[in-house]
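Below you'll find the structure, written out as structure tokens, and then a few comments.
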Amino acid sequence: MRLLKKLPLLLLVWCACVPVGHSSGVAPVRAPHAMVASVHALASAAGLEAMRQGGNAVDAAVATGFALAVVHPQAGNIGGGGFMLLRRDDGTARFIDFRETAPAAASRDMYLDPSGNVIPGASTLGYRAVAVPGSVAGLVFAQSKYGKLPLPKVMAAAIQLAREGFVLAAEDARDFRDGGLTQFPESRRIFQRDGNLYHAGDLFRQPELARTLERIAQNPLDFYRGGIAKELASWVHEHGGLISEQDLSSYKVQEREPVRGTYRGYDIISAPPPSSGGITLIELLNILEGYNLAKLGAGSAEAIHLTTEAYRRAFFDRAELLAGDPDFARVPVAQLIDKRYAAAWRESLNPDHATQSTALQRPTGVLDKLDQVAAVEPTHTTHYSVIDGDGNAVAVTTTLNDTLGAHVVAGPLGFLLNDEMDDFTSKPGSPNMFGLLQSDGNAIGPGKRPLSAMAPTIVLDHGKLFMVVGSRGGPRIITSVANVLLGVIDYGLNIQQAVDAPRFHHQWMPDALRVEENGFSPDTLKLLKAMGHNVERGVIDAGQHSPYWSEVECVAIDQRTGDRLGASDYRGNGKAVGY
């Protein structure tokens with residue numbers, strides 16, 4: 001295996017040139033041919049090596065994805081699902097949907113007790129929370145249709161990393177101490193060494209996962225219609241889960257048209273349903289297009305106020321009008337991204353004072369009637385972005401839902417399983433772990449795909465490929481991507497500055513303007529409070545406080561030189577690498 005023999009030297013070079021930390025003057029990584037940005041240096045290296053061996057951006061994305069299943073089990077996965085947005089060098093764009101689906105035995109009220117109340121933890125912990133995984137199907141579909149290399153070559157780095165191991169970072173060792181893993185013997189054995197807990201700097205080997213990846217590389221159908229499918233279904237069934245061999249054999253990747261919009265002359269290509277990410281992103285940008293944010297200045301109270309009001313309105317529509325799986329419900333995409341609709345929303349926006357979320361009323365008489373349908377949210381995800389030497393671009397966001405998914409392992413197969421069933425509406429009218437209100441349109445149903453906020457996005461500058469961007473972070477994915485786009489397009493930041501800039505978020509309900517704990521002046525926050533905003537510093541998810549959020553991975557093309565640029569978020573341990 002050539003890759004890992006080269007890795008130590010390559011990583012020393014990359015560590016010397018890749019910016020680390022938060023600096024407003026930092027520059028993106030620059031390379032003449034190709035660029036990969038992901039949350040882990042070894043995964044980025046695997047993608048870059050695929051392109052060095054003659055592969056394209058899709059080969060690189062698939063190599064990165066399988067490597068993340070090894071080195072970032074918190075969210076990188078073969079036991080979950082996600083989305084891939086692809087723009088080829090001929091200008092065509094496709095959206096590959098490999099979101100998880102509900103098993104055939106799933107039912108609408110399966111997580112409610114006899115009194116109709118949600119059973120705590122039922123949809124988030126254990127085998128009953130697991131939906132049918134789509135990651136293997138999606139990555140293999142993309143590579144076989146749009147890649148250039150043989151699948152075994154693309155997966156070679158991931159297999160070697162699983163077999164020979166990699167050195168754990170402090171964040172990995174900390175995450176492996178999760179009490180949810182302790183509750184399940186196989187999870188405790190693999191990730192906690194039966195109580196002899198891992199520490200930063202320890203070597204983490206996964207021989208069972210290596211064997212599973214080898215089987216997939218030789219015959220990817222084995223995961224859905226062969227021996228792996230049989231073992232997976234049997235193990236889940238024995239432990240009280242719902243996935244059957246029929247569920248696995250029936251799983252299908254969906255190839256869809258991306259959603260498209262424009263912002264100040266730039267073309268925005270993003271995620272369509274069952275993701276809400278692209279629609280909500282384009283709607284809020286349409287609202288903001290009516291204001292001169294550049295004149296107000298980045299970080300000013302006035303600019304933050306207007307942007308927050310756009311977020312509030314777009315998330316209000318998201319909560320009430322986006323139903324998740326377009327194969328099961330009508331989603332009014334065209335109406336929501338229509339610029340006339342955004343103009344009508346601006347009429348309700350007071351430039352000097354916050355609108356109370358409870359008082360918000362949708363514009364009427366502008367477009368066709370919008371049916372109220374509704375929805376929920378994903379939680380822990382990971383994103384990676386790729387541009388190759390020919391100008392092919394790929395943005396991929398995948399998820400296990402919660403960090404470490406359902407905290408259960410697929411037995412001797414060695415990989416973690418998702419808790420994606422929690423992304424459905426367990427009980428209409430009840431908020432989920434992010435405080436987002438949920439309704440009936442996203443109710444559990446056999447074969448359905450739950451709504452998502454994942455927003456892999458590609459930006460064109462006068463028809464030419466410019467940026468590839470995405471993030472993790474539940475509902476904050478959408479506003480994190482928006483923050484980066486506004487930073488580059490409105491405020492003239494380079495992509496690293498835009499990725500590192502302090503973030504703020506509003507999702508309609510709860511009615512709170514969340515700001516990261518550092519980066520906002522006390523005077524600015526005071527002005528925002530005077531405007532009527534309920535300002536909260538940091539966020540609380542599932543009872544845990546975090547001062548920062550999301551983890552953006554962005555690549556771009558320097559429109560003057562043609563160089564590839566890369567920016568990985570200082571909030572994580574990722575790396576942008578190129579050659």
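Within each chain, counting starts at residue 1; across the structure tokens, chains are named A, B, ... in the order shown, with ligands numbered 1 upward in that order.
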Quick one: residues within 7 Å of segment 35-52 of chain A, only C-alpha atoms counted, chain neighbours fewer than 2 positions away excluded, as a ChimeraX atom specification?
/A:3,54-56,59-61,63-64,67-68,154,157,383-388,553-555,564-568,572-579
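For the choices A:Glu238, A:Asp109, A:Asp172, A:Glu302, the atom-to-atom distance to Ala443 of chain A is smallest for A:Asp109 when using only C-alpha atoms.
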Segment 219-228 of chain A surroundings by only C-alpha atoms, 8 Å radius, close-in-sequence under 6 positions cut, as a ChimeraX atom specification
/A:136-137,140,212,245,248-249,251,413
With N, CA and C atoms kept, could you save the residues just selected as a PDB file, in the first residue's frame?
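So part33.pdb came out as:
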ATOM      1  N   VAL A 136     -23.188   3.188   2.166  1.00  0.00           N
ATOM      2  CA  VAL A 136     -22.459   2.300   1.244  1.00  0.00           C
ATOM      3  C   VAL A 136     -23.083   2.353  -0.145  1.00  0.00           C
ATOM      4  N   ALA A 137     -24.405   2.280  -0.215  1.00  0.00           N
ATOM      5  CA  ALA A 137     -25.082   2.329  -1.506  1.00  0.00           C
ATOM      6  C   ALA A 137     -24.798   3.638  -2.226  1.00  0.00           C
ATOM      7  N   VAL A 140     -20.973   3.947  -3.354  1.00  0.00           N
ATOM      8  CA  VAL A 140     -20.702   3.004  -4.449  1.00  0.00           C
ATOM      9  C   VAL A 140     -21.412   3.446  -5.724  1.00  0.00           C
ATOM     10  N   THR A 212     -14.868  -5.974   6.994  1.00  0.00           N
ATOM     11  CA  THR A 212     -16.130  -5.550   6.369  1.00  0.00           C
ATOM     12  C   THR A 212     -15.856  -4.674   5.158  1.00  0.00           C
ATOM     13  N   GLU A 245     -33.632  -8.227   6.252  1.00  0.00           N
ATOM     14  CA  GLU A 245     -32.929  -8.428   4.978  1.00  0.00           C
ATOM     15  C   GLU A 245     -33.705  -7.790   3.829  1.00  0.00           C
ATOM     16  N   LEU A 248     -33.001  -4.087   3.581  1.00  0.00           N
ATOM     17  CA  LEU A 248     -31.702  -3.815   2.970  1.00  0.00           C
ATOM     18  C   LEU A 248     -31.734  -4.048   1.462  1.00  0.00           C
ATOM     19  N   SER A 249     -32.339  -5.159   1.038  1.00  0.00           N
ATOM     20  CA  SER A 249     -32.373  -5.456  -0.399  1.00  0.00           C
ATOM     21  C   SER A 249     -33.252  -4.468  -1.168  1.00  0.00           C
ATOM     22  N   TYR A 251     -33.452  -1.207  -0.451  1.00  0.00           N
ATOM     23  CA  TYR A 251     -32.935   0.156  -0.397  1.00  0.00           C
ATOM     24  C   TYR A 251     -32.475   0.633  -1.770  1.00  0.00           C
ATOM     25  N   LEU A 413     -19.417  -7.051  12.531  1.00  0.00           N
ATOM     26  CA  LEU A 413     -19.098  -6.250  11.347  1.00  0.00           C
ATOM     27  C   LEU A 413     -18.296  -5.010  11.708  1.00  0.00           C
TER      28      LEU A 413
END
Assign secondary structure with DSSP using the backbone only, and return the residues of segment 486-569 of chain A in strand (DSSP E) as a ChimeraX atom specification.
/A:504-505,513-515,535-537,539-541,544-546,553-557,564-568
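Remark: for Ala104 of chain A, the closest of the candidate residues A:Met467, A:Ala453, A:Val132, A:Leu321 is A:Val132 (distances computed over only C-alpha atoms).
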Quick one: residues within 12 Å of segment 538-544 of chain A, only C-alpha atoms, excluding same-chain residues fewer than 4 positions away - as a ChimeraX atom specification?
/A:120-121,124,379-380,402-403,431-436,473-476,502-506,510,512-520,548-550
If we count only C-alpha atoms and set the cut-off at 10 Å, which residues sit around Asp194 of chain A, ignoring sequence neighbours fewer than 5 positions away in its own chain? Please answer as JSON, numbers by chain.
{"A": [182, 185, 186, 187, 188, 189]}
Quick one: everything within 8 Å of segment 339-355 of chain A, counting only C-alpha atoms, minus sequence neighbours fewer than 4 positions away in the same chain. Send it as an MDAnalysis selection string.
chainID A and resid 283:284 286:287 290 302 305:306 309 313 335 359:360 362:363 366:367 531:533
Store the residues picked out above, limited to C-alpha atoms, as a short mmCIF file (atom, residue, chain, number, x, y, z; two decimals), in the first residue's frame.
data_model
loop_
_atom_site.label_atom_id
_atom_site.label_comp_id
_atom_site.auth_asym_id
_atom_site.auth_seq_id
_atom_site.Cartn_x
_atom_site.Cartn_y
_atom_site.Cartn_z
CA GLU A 283 -34.85 31.71 0.59
CA LEU A 284 -32.86 33.59 3.24
CA ASN A 286 -33.21 36.05 -1.51
CA ILE A 287 -34.49 38.08 1.45
CA GLY A 290 -32.62 43.51 -0.90
CA GLU A 302 -27.41 46.43 11.78
CA HIS A 305 -30.13 42.22 12.79
CA LEU A 306 -31.17 42.06 9.11
CA GLU A 309 -34.61 38.49 10.55
CA ARG A 313 -38.48 33.98 8.30
CA GLN A 335 -42.70 29.08 -4.38
CA ALA A 359 -46.15 37.36 15.82
CA LEU A 360 -44.69 36.31 12.46
CA ARG A 362 -46.54 34.59 6.21
CA PRO A 363 -47.14 36.94 3.24
CA VAL A 366 -48.14 36.70 -3.50
CA LEU A 367 -47.86 33.15 -4.80
CA MET A 531 -33.45 46.12 19.03
CA GLY A 532 -35.49 43.46 20.81
CA HIS A 533 -33.36 40.38 20.19
#
Would you mind listing what lies within 7 Å of Leu416 of chain A as number ranges by chain, with only C-alpha atoms counted and same-chain residues fewer than 5 positions away left out?
A: 79, 404-405, 407-410
Could you dump the residues just selected with C-alpha atoms as a PDB file, in the first residue's frame?
ATOM      1  CA  GLY A  79     -23.918   2.711   9.088  1.00  0.00           C
ATOM      2  CA  LEU A 404     -21.845   8.064  17.593  1.00  0.00           C
ATOM      3  CA  GLY A 405     -25.356   7.386  16.260  1.00  0.00           C
ATOM      4  CA  HIS A 407     -24.235   3.982  20.156  1.00  0.00           C
ATOM      5  CA  VAL A 408     -24.607   0.394  18.970  1.00  0.00           C
ATOM      6  CA  VAL A 409     -22.281  -1.622  16.769  1.00  0.00           C
ATOM      7  CA  ALA A 410     -23.328  -3.973  13.991  1.00  0.00           C
TER       8      ALA A 410
END
So which residues of segment 168-330 of chain A fall under helix (DSSP H, G or I) by DSSP, listed as an MDAnalysis selection string?
chainID A and resid 170:175 179:182 185:195 207:218 222:225 227:238 245:250 277:288 293:296 301:321
Which residue out of A:Pro152, A:Asn494, A:Ala105, A:Trp508 has the minimum interatomic distance to Gln356 of chain A when only C-alpha atoms are used?
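For Gln356 of chain A, the nearest of the given residues is A:Trp508.
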For atom CA of Ser250 of chain A and atom CA of Ala129 of chain A, quote the distance in Å rounded to one decimal.
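These atoms are spaced 19.1 Å apart.
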